[in-house]
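Peer 1: Encoded as C-alpha cells, here's the structure I'll be asking about.
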Amino acid sequence: MASTIVLRQSLAATKRSLIPLQLARRSTSNFAYVPGGPIYKGTVNDPTTFPSPSKSHGSYHWSFERLLSAGLVPLTAAAFATSGSPAPLLDGLLGVGLIVHSHIGFDTVLVDYVHKRKFPMLGPLLTWTLRLTSVAVGVGVYQFNTNDIGLTEFIRRVWTA
C-alpha cells in the first residue's frame, strides 16, 4: 500500500514538472527547430545552383592566391634586409600584399563557414564588414607609410625593442 502511494505521488510530481514543457511546445509549434541553423529553401532533392563561370573565381583565383603567398616571403625578407634604410616602395608593396593576403584568407573563411545560403542575413553582413575593414586597414597602412616611419622601419624597431 505504501509503495502505491509513493508511486502515485511521484507520477503526480512528474506530471506537474512536465506542464511547462507542454506549454512551451504548444507555443512554439509554428516554428520547427533545426539544430544546424536556419531551414534551407526547397527540399533535399532540389538541385543546387552553380555559380556562372568566372575567370576570377577559378584556377586563376587559386593561382593568384598561391603567387601572392609565395611573393610575401621575399618581400618580408627584403624588409628585414633593408630595415635600416627608408624603402617606400617596399613599404607599399608589403602593405598591399599583407592586406590582400589577409582579405583573401578571411573571405575564404566566411565563404566556407558563414555561407549566405545558410545564413542569409549574417553572411552578407560579415562579408561587407570584412570589405570595409580591409579598406580601412588599407587607408591606415597608407597613412602610416606616408606620414609616419613606414612598415620596414616599424619592423626594425619592434625587433630591436
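Please note that chains go A, B, ... in the order of the C-alpha cells, that every chain numbers its residues from 1, and that ligands are numbered from 1 in the order shown.
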Sorted by chain and rising residue number, which residues of segment 126-154 of chain A lie within 7 Å of segment 74-91 of chain A, and what are their closest atom pairs and distances in Å to one decimal, counting only C-alpha atoms, as a Markdown table?
Peer 2:
```
| residue | atom | partner | partner_atom | distance |
| --- | --- | --- | --- | --- |
| A:Asn145 | CA | A:Asp91 | CA | 6.6 |
| A:Gly150 | CA | A:Asp91 | CA | 6.1 |
| A:Leu151 | CA | A:Asp91 | CA | 5.4 |
| A:Thr152 | CA | A:Ser83 | CA | 5.2 |
| A:Glu153 | CA | A:Ser83 | CA | 5.4 |
```
Peer 1: Go ahead and dump the residues you just picked, C-alpha atoms, as a PDB file, in the first residue's frame.
Peer 2:
```pdb
ATOM      1  CA  ASN A 145      53.714  54.595 -44.684  1.00  0.00           C
ATOM      2  CA  GLY A 150      56.712  53.048 -42.570  1.00  0.00           C
ATOM      3  CA  LEU A 151      56.372  49.290 -42.212  1.00  0.00           C
ATOM      4  CA  THR A 152      60.029  48.339 -42.661  1.00  0.00           C
ATOM      5  CA  GLU A 153      61.232  50.805 -40.030  1.00  0.00           C
TER       6      GLU A 153
END
```
Peer 1: Which residues, written as a VMD selection string, have at least one atom at most 9 Å from Leu130 of chain A, with only C-alpha atoms counted and residues fewer than 3 positions away on the same chain left out?
Peer 2: chain A and resid 103 106 to 107 125 to 127 133 to 135
Peer 1: Keeping only C-alpha atoms, write the selected residues as a short mmCIF file (atom, residue, chain, number, x, y, z; two decimals), in the first residue's frame.
Peer 2:
```cif
data_model
loop_
_atom_site.label_atom_id
_atom_site.label_comp_id
_atom_site.auth_asym_id
_atom_site.auth_seq_id
_atom_site.Cartn_x
_atom_site.Cartn_y
_atom_site.Cartn_z
CA HIS A 103 41.43 39.75 -47.01
CA PHE A 106 39.27 35.86 -44.11
CA ASP A 107 36.95 35.89 -47.13
CA LEU A 125 26.75 41.41 -43.28
CA LEU A 126 30.07 39.80 -42.34
CA THR A 127 31.27 39.94 -45.96
CA THR A 133 37.64 46.65 -42.63
CA SER A 134 40.08 45.85 -45.45
CA VAL A 135 39.58 49.31 -46.97
#
```
Peer 1: Using only C-alpha atoms, find each residue of segment 55-122 of chain A with at least one atom at most 8 Å away from an atom of segment 136-142 of chain A; report its shortest atom-to-atom pair and that distance in Å (one decimal), sort the rows by chain and rising residue number, and return the result as a tab-separated table.
Peer 2:
```
residue	atom	partner	partner_atom	distance
A:Gly92	CA	A:Tyr142	CA	7.5
A:Gly95	CA	A:Val141	CA	6.4
A:Val96	CA	A:Gly138	CA	7.2
A:Ile99	CA	A:Gly138	CA	6.8
```
Peer 1: For Ser69 of chain A, which residue among A:Pro53, A:Arg156, A:Val114, A:Leu94 is the nearest when counting only C-alpha atoms?
Peer 2: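 Of A:Pro53, A:Arg156, A:Val114, A:Leu94, the one nearest Ser69 of chain A, counting only C-alpha atoms, is A:Leu94.
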Peer 1: Find the distance between atom CA of Leu132 of chain A and atom CA of Ala70 of chain A and write it in Å to one decimal.
Peer 2: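 Answer for the atom CA of Leu132 of chain A to atom CA of Ala70 of chain A separation: 25.8 Å.
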Peer 1: Using Å and a single decimal, report how far atom CA of Leu67 of chain A sits from atom CA of Gly123 of chain A.
Peer 2: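 Atom-to-atom, atom CA of Gly123 of chain A to atom CA of Leu67 of chain A, that is 27.7 Å.
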Peer 1: Tell me, in Å to one decimal, how far atom CA of Val100 of chain A is from atom CA of Asp112 of chain A.
Peer 2: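 One can read the atom CA of Val100 of chain A to atom CA of Asp112 of chain A distance as 18.2 Å.
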